[in-house]
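final31.cif (mmCIF, C-alpha atoms and all ligand atoms) appears below.
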data_structure
#
loop_
_atom_site.group_PDB
_atom_site.id
_atom_site.type_symbol
_atom_site.label_atom_id
_atom_site.label_comp_id
_atom_site.auth_asym_id
_atom_site.auth_seq_id
_atom_site.Cartn_x
_atom_site.Cartn_y
_atom_site.Cartn_z
ATOM 1 C CA MET A 451 -10.430 1.203 9.954
ATOM 2 C CA ARG A 452 -7.043 0.934 11.617
ATOM 3 C CA LEU A 453 -4.232 1.583 9.150
ATOM 4 C CA ILE A 454 -0.532 1.340 9.949
ATOM 5 C CA THR A 455 1.618 3.812 8.027
ATOM 6 C CA GLY A 456 5.371 3.362 7.730
ATOM 7 C CA ILE A 457 7.717 6.076 6.477
ATOM 8 C CA THR A 458 11.242 5.079 5.444
ATOM 9 C CA GLY A 459 14.258 7.043 4.269
ATOM 10 C CA ALA A 460 13.480 7.313 0.570
ATOM 11 C CA SER A 461 12.837 10.441 -1.389
ATOM 12 C CA GLY A 462 9.147 11.343 -1.569
ATOM 13 C CA VAL A 463 8.122 11.703 2.074
ATOM 14 C CA VAL A 464 5.714 14.349 0.784
ATOM 15 C CA TYR A 465 3.421 11.467 -0.268
ATOM 16 C CA ALA A 466 3.311 10.219 3.324
ATOM 17 C CA LYS A 467 2.627 13.667 4.754
ATOM 18 C CA ARG A 468 -0.217 14.268 2.322
ATOM 19 C CA LEU A 469 -1.678 10.807 3.003
ATOM 20 C CA LEU A 470 -1.612 11.485 6.736
ATOM 21 C CA GLU A 471 -3.268 14.886 6.222
ATOM 22 C CA VAL A 472 -6.110 13.271 4.306
ATOM 23 C CA LEU A 473 -6.503 10.429 6.812
ATOM 24 C CA HIS A 474 -6.424 12.927 9.689
ATOM 25 C CA HIS A 475 -9.627 14.466 8.340
ATOM 26 C CA ALA A 476 -11.244 11.148 7.459
ATOM 27 C CA THR A 477 -13.858 9.794 9.806
ATOM 28 C CA ASP A 478 -13.412 6.333 11.280
ATOM 29 C CA VAL A 479 -9.732 5.942 10.328
ATOM 30 C CA GLU A 480 -7.102 5.398 13.006
ATOM 31 C CA VAL A 481 -3.482 5.694 11.947
ATOM 32 C CA ASP A 482 -0.550 4.021 13.685
ATOM 33 C CA LEU A 483 2.652 5.683 12.488
ATOM 34 C CA ILE A 484 6.215 4.349 12.422
ATOM 35 C CA ILE A 485 9.115 6.350 10.971
ATOM 36 C CA THR A 486 12.613 4.962 10.460
ATOM 37 C CA PRO A 487 15.584 7.118 11.539
ATOM 38 C CA CYS A 488 16.434 7.755 7.871
ATOM 39 C CA GLY A 489 12.774 8.622 7.256
ATOM 40 C CA ARG A 490 13.056 11.322 9.925
ATOM 41 C CA TYR A 491 16.144 12.687 8.228
ATOM 42 C CA ILE A 492 14.411 12.857 4.827
ATOM 43 C CA ILE A 493 11.358 14.585 6.341
ATOM 44 C CA GLU A 494 13.604 17.338 7.648
ATOM 45 C CA HIS A 495 15.659 17.501 4.456
ATOM 46 C CA GLU A 496 12.869 17.406 1.846
ATOM 47 C CA LEU A 497 9.983 19.035 3.685
ATOM 48 C CA GLY A 498 11.955 21.392 5.920
ATOM 49 C CA ILE A 499 9.876 20.413 8.946
ATOM 50 C CA SER A 500 10.487 18.237 11.988
ATOM 51 C CA SER A 501 9.039 14.731 12.011
ATOM 52 C CA ARG A 502 6.923 15.873 14.974
ATOM 53 C CA GLU A 503 4.873 17.954 12.517
ATOM 54 C CA VAL A 504 4.081 14.751 10.640
ATOM 55 C CA GLU A 505 3.518 12.699 13.786
ATOM 56 C CA VAL A 506 0.750 14.992 15.054
ATOM 57 C CA LEU A 507 -1.354 13.835 12.099
ATOM 58 C CA ALA A 508 -1.407 10.236 13.366
ATOM 59 C CA THR A 509 -3.594 8.651 16.027
ATOM 60 C CA ARG A 510 -0.669 6.785 17.570
ATOM 61 C CA VAL A 511 3.094 7.084 17.015
ATOM 62 C CA TRP A 512 5.407 4.158 17.718
ATOM 63 C CA ASP A 513 9.160 4.118 18.302
ATOM 64 C CA ILE A 514 10.938 2.162 15.566
ATOM 65 C CA ALA A 515 12.842 0.205 18.258
ATOM 66 C CA ASP A 516 9.779 -0.655 20.347
ATOM 67 C CA MET A 517 9.371 -4.335 19.568
ATOM 68 C CA ALA A 518 6.852 -4.648 22.409
ATOM 69 C CA ALA A 519 4.471 -2.170 20.736
ATOM 70 C CA ASP A 520 0.844 -3.254 20.232
ATOM 71 C CA ILE A 521 1.276 -3.452 16.470
ATOM 72 C CA ALA A 522 4.189 -5.893 16.824
ATOM 73 C CA SER A 523 1.623 -8.480 17.856
ATOM 74 C CA GLY A 524 -0.709 -10.386 15.576
ATOM 75 C CA SER A 525 -3.352 -10.171 18.286
ATOM 76 C CA GLN A 526 -3.967 -6.519 17.337
ATOM 77 C CA LEU A 527 -6.776 -5.974 14.882
ATOM 78 C CA CYS A 528 -5.313 -3.865 12.083
ATOM 79 C CA ASP A 529 -6.904 -3.602 8.657
ATOM 80 C CA GLY A 530 -3.798 -2.949 6.642
ATOM 81 C CA MET A 531 -0.540 -1.137 6.233
ATOM 82 C CA VAL A 532 1.161 1.150 3.766
ATOM 83 C CA ILE A 533 4.898 1.839 3.548
ATOM 84 C CA VAL A 534 5.310 5.193 1.814
ATOM 85 C CA PRO A 535 7.889 5.893 0.564
ATOM 86 C CA CYS A 536 9.660 2.536 0.819
ATOM 87 C CA THR A 537 13.445 2.294 0.501
ATOM 88 C CA MET A 538 15.166 -0.557 -1.276
ATOM 89 C CA ASN A 539 16.690 -1.392 2.111
ATOM 90 C CA THR A 540 13.328 -1.922 3.810
ATOM 91 C CA LEU A 541 11.977 -3.616 0.687
ATOM 92 C CA ALA A 542 14.860 -6.133 0.705
ATOM 93 C CA LYS A 543 14.423 -6.936 4.390
ATOM 94 C CA LEU A 544 10.679 -7.330 3.965
ATOM 95 C CA ALA A 545 11.145 -9.635 0.981
ATOM 96 C CA HIS A 546 13.359 -11.877 3.105
ATOM 97 C CA GLY A 547 11.299 -11.912 6.287
ATOM 98 C CA ILE A 548 13.737 -9.833 8.312
ATOM 99 C CA ALA A 549 11.900 -8.091 11.132
ATOM 100 C CA ASP A 550 14.581 -6.271 13.090
ATOM 101 C CA ASN A 551 12.665 -3.040 13.608
ATOM 102 C CA LEU A 552 9.027 -2.279 14.418
ATOM 103 C CA LEU A 553 8.149 -1.190 10.879
ATOM 104 C CA LEU A 554 9.377 -4.514 9.487
ATOM 105 C CA ARG A 555 7.814 -6.531 12.297
ATOM 106 C CA ALA A 556 4.441 -4.795 11.811
ATOM 107 C CA SER A 557 4.625 -5.501 8.057
ATOM 108 C CA ASP A 558 5.451 -9.137 8.757
ATOM 109 C CA VAL A 559 2.451 -9.391 11.094
ATOM 110 C CA ILE A 560 0.167 -7.827 8.466
ATOM 111 C CA LEU A 561 1.318 -10.460 5.965
ATOM 112 C CA LYS A 562 0.981 -13.400 8.341
ATOM 113 C CA ASN A 563 -2.550 -12.257 9.138
ATOM 114 C CA ASP A 564 -3.369 -12.014 5.411
ATOM 115 C CA LYS A 565 -4.106 -8.296 5.653
ATOM 116 C CA LYS A 566 -3.436 -5.768 2.925
ATOM 117 C CA LEU A 567 0.095 -4.389 2.612
ATOM 118 C CA VAL A 568 0.777 -1.602 0.116
ATOM 119 C CA VAL A 569 4.383 -0.707 -0.651
ATOM 120 C CA VAL A 570 5.294 2.512 -2.466
ATOM 121 C CA PRO A 571 8.891 1.824 -3.579
ATOM 122 C CA ARG A 572 11.106 4.764 -4.526
ATOM 123 C CA GLU A 573 14.277 4.219 -6.469
ATOM 124 C CA SER A 574 15.302 4.794 -10.050
ATOM 125 C CA PRO A 575 16.627 3.055 -12.013
ATOM 126 C CA LEU A 576 15.921 -0.366 -10.495
ATOM 127 C CA ASN A 577 18.650 -2.990 -10.389
ATOM 128 C CA GLU A 578 18.120 -6.753 -10.612
ATOM 129 C CA THR A 579 18.004 -7.184 -6.816
ATOM 130 C CA HIS A 580 15.349 -4.485 -6.489
ATOM 131 C CA LEU A 581 13.259 -6.150 -9.187
ATOM 132 C CA GLU A 582 13.666 -9.608 -7.644
ATOM 133 C CA ASN A 583 12.596 -8.292 -4.242
ATOM 134 C CA LEU A 584 9.581 -6.518 -5.729
ATOM 135 C CA LEU A 585 8.542 -9.741 -7.467
ATOM 136 C CA LYS A 586 9.006 -11.754 -4.252
ATOM 137 C CA LEU A 587 6.717 -9.354 -2.405
ATOM 138 C CA ARG A 588 4.119 -9.338 -5.169
ATOM 139 C CA GLN A 589 4.097 -13.147 -5.080
ATOM 140 C CA ARG A 590 3.305 -12.917 -1.357
ATOM 141 C CA GLY A 591 0.315 -10.717 -2.048
ATOM 142 C CA VAL A 592 1.869 -7.306 -1.420
ATOM 143 C CA THR A 593 0.493 -4.467 -3.562
ATOM 144 C CA ILE A 594 3.368 -2.705 -5.312
ATOM 145 C CA LEU A 595 2.338 0.887 -5.994
ATOM 146 C CA PRO A 596 5.143 2.915 -7.631
ATOM 147 C CA PRO A 597 4.761 6.674 -7.136
ATOM 148 C CA ALA A 598 4.176 7.199 -10.844
ATOM 149 C CA PRO A 599 1.460 9.793 -11.443
ATOM 150 C CA ALA A 600 -0.530 9.868 -14.665
ATOM 151 C CA PHE A 601 -1.058 13.030 -16.686
ATOM 152 C CA TYR A 602 -4.498 12.523 -18.213
ATOM 153 C CA HIS A 603 -6.025 14.896 -15.649
ATOM 154 C CA HIS A 604 -3.645 17.679 -16.833
ATOM 155 C CA PRO A 605 -1.922 18.394 -13.498
ATOM 156 C CA LYS A 606 -0.549 21.922 -13.125
ATOM 157 C CA THR A 607 1.173 21.681 -9.725
ATOM 158 C CA ILE A 608 3.390 19.322 -7.767
ATOM 159 C CA ALA A 609 0.567 19.069 -5.229
ATOM 160 C CA GLU A 610 -1.692 17.620 -7.921
ATOM 161 C CA LEU A 611 0.957 15.037 -8.844
ATOM 162 C CA VAL A 612 1.329 14.104 -5.182
ATOM 163 C CA ASP A 613 -2.436 13.828 -4.789
ATOM 164 C CA PHE A 614 -2.611 11.442 -7.730
ATOM 165 C CA VAL A 615 -0.346 8.966 -5.938
ATOM 166 C CA VAL A 616 -2.094 9.465 -2.590
ATOM 167 C CA ALA A 617 -5.432 8.821 -4.307
ATOM 168 C CA LEU A 618 -4.106 5.496 -5.597
ATOM 169 C CA ILE A 619 -3.138 4.515 -2.048
ATOM 170 C CA LEU A 620 -6.560 5.493 -0.662
ATOM 171 C CA ASP A 621 -8.250 3.506 -3.441
ATOM 172 C CA GLN A 622 -6.348 0.398 -2.352
ATOM 173 C CA PHE A 623 -8.099 0.591 1.020
ATOM 174 C CA ASN A 624 -11.459 1.642 -0.439
ATOM 175 C CA LEU A 625 -11.208 4.950 1.392
ATOM 176 C CA PRO A 626 -13.392 7.613 -0.245
ATOM 177 C CA HIS A 627 -11.748 10.784 -1.537
ATOM 178 C CA THR A 628 -12.085 13.525 -4.111
ATOM 179 C CA LEU A 629 -8.368 14.232 -4.571
ATOM 180 C CA VAL A 630 -8.302 13.551 -8.297
ATOM 181 C CA PRO A 631 -11.165 13.409 -10.782
ATOM 182 C CA ARG A 632 -11.696 9.867 -11.994
ATOM 183 C CA TRP A 633 -11.199 9.205 -15.654
ATOM 184 C CA ARG A 634 -14.238 9.814 -17.840
ATOM 185 C CA LYS A 635 -14.205 9.514 -21.590
ATOM 186 C CA PRO A 636 -14.272 13.068 -23.026
ATOM 187 C CA GLU A 637 -17.639 14.004 -24.586
HETATM 188 C C1 LIG B 1 18.683 12.364 0.742
HETATM 189 C C2 LIG B 1 18.556 10.864 0.651
HETATM 190 C C3 LIG B 1 17.671 10.315 -0.245
HETATM 191 C C4 LIG B 1 17.537 8.932 -0.343
HETATM 192 N N1 LIG B 1 16.638 8.427 -1.243
HETATM 193 C C5 LIG B 1 16.489 7.094 -1.341
HETATM 194 C C6 LIG B 1 15.522 6.569 -2.243
HETATM 195 O O1 LIG B 1 14.803 7.289 -2.954
HETATM 196 N N2 LIG B 1 15.380 5.229 -2.288
HETATM 197 C C7 LIG B 1 16.119 4.377 -1.506
HETATM 198 O O2 LIG B 1 15.920 3.168 -1.601
HETATM 199 N N3 LIG B 1 17.050 4.866 -0.631
HETATM 200 C C8 LIG B 1 17.247 6.191 -0.527
HETATM 201 N N4 LIG B 1 18.163 6.698 0.354
HETATM 202 C C9 LIG B 1 18.996 5.755 1.129
HETATM 203 C C10 LIG B 1 18.287 5.216 2.371
HETATM 204 O O3 LIG B 1 17.914 6.277 3.228
HETATM 205 C C11 LIG B 1 19.212 4.218 3.090
HETATM 206 O O4 LIG B 1 19.373 3.058 2.306
HETATM 207 C C12 LIG B 1 18.734 3.838 4.476
HETATM 208 O O5 LIG B 1 19.574 2.815 5.001
HETATM 209 C C13 LIG B 1 17.307 3.352 4.464
HETATM 210 O O6 LIG B 1 16.929 2.977 5.779
HETATM 211 P P1 LIG B 1 15.406 2.640 6.115
HETATM 212 O O7 LIG B 1 14.938 1.646 5.097
HETATM 213 O O8 LIG B 1 15.466 2.041 7.475
HETATM 214 O O9 LIG B 1 14.648 3.923 6.103
HETATM 215 C C14 LIG B 1 18.304 8.068 0.486
HETATM 216 C C15 LIG B 1 19.187 8.644 1.418
HETATM 217 C C16 LIG B 1 19.314 10.009 1.499
HETATM 218 C C17 LIG B 1 20.285 10.587 2.494
#
Same coordinates, now as structure tokens:
Amino acid sequence: MRLITGITGASGVVYAKRLLEVLHHATDVEVDLIITPCGRYIIEHELGISSREVEVLATRVWDIADMAADIASGSQLCDGMVIVPCTMNTLAKLAHGIADNLLLRASDVILKNDKKLVVVPRESPLNETHLENLLKLRQRGVTILPPAPAFYHHPKTIAELVDFVVALILDQFNLPHTLVPRWRKPE
């Protein structure tokens, strides 16, 4: 599987880092990574690391301004893409077909090729424009996956809450994992 991962400048870059860690150890998964300039800032601010420490987890790293990158072309065979976390800025541009950076262009290509696009939007509360854009994307087949962990597995740490969301993303691409126990009716 070849999965494009986009990181934008929303809170919650920890989800992206954890996803990339899991994918790094997965067999047969190649990851193409694109990080927006604001995404780089949030990585440093929230995780206290340089974006390079996230980039080393990917198979390939692309410059956000490189519109000639492989993944800007529909001729590349990619299986899907996830944008985690996704800002309302990137969400709005995506909903309106604006492709003025590589992350947006790659998303646009994924959609035109009818491949799976998962968006993990991060904002709260949501205004009317946010909601309209989310609906527009859903109507175009995009999977909207809010980073909203459940509590039925009795999480004790932030890492467990993060893993819950990452598990949902992996499930969307049918990637096997054991991050979170699946729900079973108590005996
Ligand atoms: C510390 C910090 C946290 C932010 N968190 C969010 C957020 O959770 N959601 C959001 O939509 N924008 C957030 N923003 C604003 C975006 O970074 C800003 O709109 C930026 O233009 C997004 O650019 P991008 O979509 O290219 O990454 C945050 C900005 C900063 C500085």
Each residue of chain A with at least one atom at most 6 Å from ligand LIG 1 (chain B) should appear once, together with its nearest atom pair and the corresponding distance in Å (one decimal); atoms considered: only C-alpha atoms and all ligand atoms; ordering: chain, then increasing residue number; output as CSV.
residue,atom,partner,partner_atom,distance
A:Thr458,CA,B:LIG1,O9,3.7
A:Gly459,CA,B:LIG1,O9,3.6
A:Ala460,CA,B:LIG1,C6,3.6
A:Ser461,CA,B:LIG1,O1,4.0
A:Thr486,CA,B:LIG1,O9,4.9
A:Cys488,CA,B:LIG1,O9,4.6
A:Gly489,CA,B:LIG1,O9,5.2
A:Ile492,CA,B:LIG1,C1,5.9
A:Thr537,CA,B:LIG1,O2,3.4
A:Met538,CA,B:LIG1,O2,3.8
A:Asn539,CA,B:LIG1,O7,4.6
A:Thr540,CA,B:LIG1,O7,4.1
A:Arg572,CA,B:LIG1,O1,4.7
A:Glu573,CA,B:LIG1,N2,4.4
Legend entry - the PyMOL selection byres (((chain A and resi 632) around 12) and not hetatm) resolved against shown file, as a list in words: Ala600, Tyr602, His603, Phe614, Ala617, Leu618, Asp621, His627, Thr628, Leu629, Val630, Pro631, Trp633, Arg634, Lys635 and Pro636 of chain A
Legend entry - Å distance separating atom CA of A:Cys536 from atom CA of A:Lys606, one decimal place: 26.0 Å
Legend entry - Among listed residues A:Arg510, A:His580, A:His604, A:Lys562, nearest A:Val592 (using all atoms listed in the file):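 The shortest atom-to-atom distance to A:Val592 comes from A:Lys562.
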Legend entry - Atomic distance atom CA of A:Leu595 - atom CA of A:Ala609, expressed in Å with one decimal: 18.3 Å
Inset, instruction - Using all atoms listed in the file, collect all residues at a distance of at most 10 Å from (9.5, -8.6, -5.1) as written in the file, then present them as a ChimeraX atom specification. - result: /A:541-542,544-546,579-592,594
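If only C-alpha atoms are the atoms counted, then among A:Val463, A:Leu567, A:Asp529, A:Ile454 the closest residue to A:His495 is A:Val463.
Picture a line from atom CA of A:Gly456 to atom CA of A:Ile521; it runs 11.8 Å.
Distances to A:Val479 were evaluated for A:Gln526, A:Asn577, A:Thr455, A:Thr593 using all atoms listed in the file, and the minimum falls at A:Thr455.
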Legend entry - Proximity to A:Phe623 - best of A:Leu453, A:Val534, A:Leu470, A:Val481, only C-alpha atoms: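 Nearest to A:Phe623: A:Leu453.
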Inset, instruction - Between A:Lys467, A:Pro535, A:Asn624, A:Phe601, single out the one closest to A:Glu503, counting only C-alpha atoms. - result: A:Lys467
Inset, instruction - Evaluate the PyMOL selection byres (((chain A and resi 523) around 10) and not hetatm) and record the selected residues as a PyMOL selection string, following the chain and residue labels used in the document. - result: chain A and resi 517-522+524-527+555-556+558-560
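With only C-alpha atoms as the atoms that count, the residue of A:Ala549, A:Leu576, A:Ile485, A:Val615 with the shortest distance to A:Asp513 is A:Ile485.
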